[in-house]
Amino acid sequence: MSEMLKGIAASDGIAAAKAYMLVQPDLSFSESSVEDTEAETKRLDDAVEAAKADLKIIKEKAAANLGADEAEVFEAHLTILSDPELLGNIKDKIVNDKVNAEKALKDVTDMFIAMFEGMTDNAYMQERAGDIRDVAKRVLSHLLGVNLPNPALINEEVVIVAHDLTPSDTAQLDRNFVKGFITDIGGRTSHSAIMSRTLEIPAIVGSGNATSTIKEGQTVIIDGIEGEAIIEPSAEELKKYEGKASDFAKKKAEWEELKDAKTVTANGKQFILGANIGTPKDVAGANDNGAEAVGLFRSEFLYMDASELPSEDDQFEAYKQAVEGMNGKQVVVRTMDIGGDKELPYLPLPEEMNPFLGYRAIRISLDKQDIFRTQLRALLRASNYGRLAIMFPMIATVKEFKDAKAIFEEEKAKFVKAGKPVSDDIEVGMMMEIPAAAMIADKLAKYSDFFSIGTNDLIQYTMAADRGNERVSYLYQPYNPSILRLIKNIIDSSHAEGKWTGMCGEMAGDQIAVPILAGLGLDEFSMSATSILKTRSLMKKLDTDKMKKLAEKAVSECETTEEVISLVKEFTD
Ligand SMILES: C=C(OP(=O)(O)O)C(=O)O
Ligand SMILES: [Mg+2]
């Protein structure tokens with residue numbers, strides 16, 4: 001009998017494959033004394049060799065899929081496994097204390113980890129502690145004969161089942177083998193869900209209990225359109241979903257025809273549809289999906305993909321590649337938005353009760369100005385290679401915007417003074433993702449060249465409902481009149497000052513929201529690249545005069561989300 005699991009639809013598409021459990025195995029062991037220390041030393045050597053063999057494969061895969069930089073960490077792990085001091089210490093312990101290899105490995109590696117972690121003024125050595133921990137875990141798994149899951153080692157088609165996936169786990173998924181994924185926790189706008197859309201991997205998040213329900217090797221269908229997973233489907237169910245997958249492929253082929261078309265409504269009004277990207281590598285996907293701009297370059301992914309703060313040169317190369325790749329179309333780079341669910345291992349931030357309400361984004365940039373200024377200099381240099389715009393994340397007050405803009409102007413003035421080339425038409429705008437800012441949009445519009453509405457955060461802060469928590473996902477309501485009123489205020493305020501407003505939150509590609517947003521006069525819609533063509537196709541059918549009436553009614557008359565949804569259906573059917 002098949003079984004169905006329901007979750008939140010995170011990325012369109014249908015997939016069926018064997019389950020690959022990306023869950024940490026139990027690595028507990030008991031300490032024992034050994035008589036035959038020679039045999040125990042040999043067990044250790046065998047486990048070390050097996051761990052090295054894993055790492056060599058992972059390193060090659062990482063180099064091929066992600067690039068040489070990302071592969072370096074595994075080279076470091078291999079070096080640790082060949083370190084005579086470390087291995088010598090473990091073996092001495094086996095021989096002298098007559099303990100099993102597991103215990104000797106743990107004692108010795110714990111000692112090295114504590115020593116490196118104690119070097120609080122040396123970030124490099126502190127990171128090595130993490131490497132030793134990883135390596136010890138891998139050797140221990142071989143000693144215990146259990147499998148350590150590693151997405152890089154997957155060499156057949158699978159559906160990944162995990163409690164949660166971090167953005168960096170998601171970045172490592174190889175699309176050739178990973179056909180879909182399902183997680184226990186998370187919401188539609190958590191960053192792993194956003195990345196699944198960029199990678200075009202059908203996904204379900206927030207299913208509650210996928211890891212305890214699904215077993216390794218079971219066949220699982222992922223319906224990323226409805227947010228449903230079928231475990232061990234019958235032949236009939238498989239056939240039904242094959243049909244659904246082929247209908248989806250047909251629709252995609254129809255949308256494909258709009259790739260080079262402009263975005264024009266039925267009554268001839270034009271809009272800009274942009275793509276959200278995380279790295280310059282995503283520019284190819286943006287162009288393939290007919291993006292007319294990059295409305296959001298989440299620059300923090302450059303920081304998250306590195307093992308230390310990226311240098312000015314490294315950042316310059318990345319921004320230059322993005323603006324050049326977009327061939328004169330605008331690229332809006334958002335300055336570093338670390339914090340919330342995006343962490344930097346090499347920039348430890350204090351533990352906070354409420355990280356989403358804490359020290360993050362522009363708050364860090366204004367505090368640690370050396371990091372901010374390095375980023376701004378890289379952006380100023382890249383401005384010479386295309387149409388670059390900059391925006392600041394998480395602006396709450398006029399003062400924050402003015403302070404950030406002043407730092408930008410200072411850095412720019414230094415370029416001009418030194419005779420270094422820099423574009424003189426860089427637009428400097430801000431994310432609108434904090435309700436306080438949305439309420440004083442009229443004031444902010446005097447200073448900001450444009451607004452980009454970050455609904456992923458704006459909704460969570462307005463409704464006081466964590467964007468990544470499936471238990472409160474019923475409150476995460478993009479069409480709630482409260483949200484629509486804030487959006488209207490933002491758009492109207494920008495237009496009153498002759499400025500433009502875009503939206504780079506996931507709501508911009510939401511097919512129910514698009515008619516309302518078009519009616520509210522949103523100028524630019526920026527979304528996961530894979531949503532662009534279906535949105536262009538939808539826009540072709542809309543009449544903005546009619547959508548204006550829809551928007552007015554939704555904002556002023558509707559009381560609930562459900563009423564707004566019915567109204568949209570009534571106006572678009
Ligand atoms: C686009 C947004 O930024 P992020 O999802 O990176 O927080 C947003 O908050 O809507
Ligand atoms: Mg945000």
# chains A, B, ... in the order shown; residues from 1 in each chain; ligands from 1
$ residues_near_ligand --ligand "ligand 1" --cutoff "8 Å" --atoms "only C-alpha atoms and all ligand atoms" --output "list of chain:residue names"
A:Thr189, A:Ser190, A:His191, A:Ile194, A:Leu296, A:Arg298, A:Asp337, A:Pro393, A:Met431, A:Glu433, A:Ile453, A:Gly454, A:Thr455, A:Asn456, A:Asp457, A:Leu458, A:Met503, A:Cys504, A:Gly505, A:Glu506
$ write_last_selection --atoms "C-alpha atoms" --output "PDB file, in the first residue's frame"
ATOM      1  CA  THR A 189      10.600  31.028   1.368  1.00  0.00           C
ATOM      2  CA  SER A 190      13.338  29.358   3.407  1.00  0.00           C
ATOM      3  CA  HIS A 191      16.578  29.604   1.492  1.00  0.00           C
ATOM      4  CA  ILE A 194      14.455  29.181  -2.959  1.00  0.00           C
ATOM      5  CA  LEU A 296      18.168  40.648  -6.808  1.00  0.00           C
ATOM      6  CA  ARG A 298      21.921  37.834  -3.105  1.00  0.00           C
ATOM      7  CA  ASP A 337      22.491  40.022   4.057  1.00  0.00           C
ATOM      8  CA  PRO A 393      18.896  44.921   2.943  1.00  0.00           C
ATOM      9  CA  MET A 431      14.878  46.521   0.242  1.00  0.00           C
ATOM     10  CA  GLU A 433      11.083  44.195   4.005  1.00  0.00           C
ATOM     11  CA  ILE A 453       9.895  44.772  -1.829  1.00  0.00           C
ATOM     12  CA  GLY A 454      11.230  41.744   0.009  1.00  0.00           C
ATOM     13  CA  THR A 455       7.961  39.998   0.770  1.00  0.00           C
ATOM     14  CA  ASN A 456       9.682  36.908   2.188  1.00  0.00           C
ATOM     15  CA  ASP A 457      10.653  38.955   5.209  1.00  0.00           C
ATOM     16  CA  LEU A 458       7.932  41.620   4.996  1.00  0.00           C
ATOM     17  CA  MET A 503       9.566  43.148  -5.824  1.00  0.00           C
ATOM     18  CA  CYS A 504      12.167  40.460  -5.259  1.00  0.00           C
ATOM     19  CA  GLY A 505      10.370  38.367  -2.670  1.00  0.00           C
ATOM     20  CA  GLU A 506       8.856  35.081  -3.828  1.00  0.00           C
TER      21      GLU A 506
END
$ residues_around --residues "segment 6-18 of chain A" --least-positions-apart "5" --cutoff "7 Å" --atoms "only C-alpha atoms" --output "PyMOL selection string"
chain A and resi 157-159+179-180+187-188+193+196-197+201-207+217-229+245+248
$ write_last_selection --atoms "C-alpha atoms" --output "mmCIF file, in the first residue's frame"
data_model
loop_
_atom_site.group_PDB
_atom_site.id
_atom_site.type_symbol
_atom_site.label_atom_id
_atom_site.label_comp_id
_atom_site.auth_asym_id
_atom_site.auth_seq_id
_atom_site.Cartn_x
_atom_site.Cartn_y
_atom_site.Cartn_z
ATOM 1 C CA GLU A 157 18.933 8.785 -9.479
ATOM 2 C CA VAL A 158 17.531 9.542 -6.037
ATOM 3 C CA VAL A 159 15.059 11.610 -4.089
ATOM 4 C CA LYS A 179 15.680 14.273 -8.952
ATOM 5 C CA GLY A 180 13.828 15.802 -6.020
ATOM 6 C CA GLY A 187 8.766 26.953 4.490
ATOM 7 C CA ARG A 188 8.341 28.058 0.866
ATOM 8 C CA ALA A 193 13.437 26.109 -0.976
ATOM 9 C CA SER A 196 15.615 24.295 -5.184
ATOM 10 C CA ARG A 197 13.732 26.538 -7.598
ATOM 11 C CA ILE A 201 14.717 20.382 -8.550
ATOM 12 C CA PRO A 202 11.116 19.434 -7.612
ATOM 13 C CA ALA A 203 10.878 19.825 -3.843
ATOM 14 C CA ILE A 204 8.587 19.597 -0.845
ATOM 15 C CA VAL A 205 9.509 21.204 2.471
ATOM 16 C CA GLY A 206 7.899 21.188 5.901
ATOM 17 C CA SER A 207 6.384 17.696 5.550
ATOM 18 C CA GLY A 217 15.631 2.746 -0.962
ATOM 19 C CA GLN A 218 11.840 3.062 -1.063
ATOM 20 C CA THR A 219 10.435 4.538 -4.255
ATOM 21 C CA VAL A 220 9.083 8.038 -3.680
ATOM 22 C CA ILE A 221 7.162 10.325 -6.013
ATOM 23 C CA ILE A 222 7.706 14.032 -5.330
ATOM 24 C CA ASP A 223 4.894 16.216 -6.601
ATOM 25 C CA GLY A 224 6.427 19.662 -6.142
ATOM 26 C CA ILE A 225 3.366 21.317 -7.704
ATOM 27 C CA GLU A 226 0.899 20.102 -5.066
ATOM 28 C CA GLY A 227 3.380 19.473 -2.228
ATOM 29 C CA GLU A 228 2.593 15.756 -2.019
ATOM 30 C CA ALA A 229 4.886 12.755 -1.787
ATOM 31 C CA ALA A 245 4.918 15.099 -15.413
ATOM 32 C CA PHE A 248 3.953 19.853 -16.927
#
$ residues_around --residues "Glu324 of chain A" --least-positions-apart "6" --cutoff "9 Å" --atoms "only C-alpha atoms" --output "PyMOL selection string"
chain A and resi 385-387
$ write_last_selection --atoms "N, CA and C atoms" --output "short mmCIF file (atom, residue, chain, number, x, y, z; two decimals), in the first residue's frame"
data_model
loop_
_atom_site.label_atom_id
_atom_site.label_comp_id
_atom_site.auth_asym_id
_atom_site.auth_seq_id
_atom_site.Cartn_x
_atom_site.Cartn_y
_atom_site.Cartn_z
N TYR A 385 31.36 47.94 -15.99
CA TYR A 385 31.23 46.85 -16.96
C TYR A 385 29.79 46.52 -17.36
N GLY A 386 28.84 47.34 -16.91
CA GLY A 386 27.44 47.05 -17.25
C GLY A 386 26.53 47.97 -16.46
N ARG A 387 25.26 47.57 -16.36
CA ARG A 387 24.29 48.44 -15.67
C ARG A 387 24.05 47.92 -14.26
#
$ closest_residue --among "A:Lys269, A:His495, A:Arg334, A:Lys329" --to "Gly519 of chain A" --atoms "only C-alpha atoms"
A:Lys269
$ residues_around --residues "segment 559-569 of chain A" --least-positions-apart "3" --cutoff "6 Å" --atoms "only C-alpha atoms" --output "list in words"
Tyr479, Asn480, Ala554, Thr572 and Asp573 of chain A
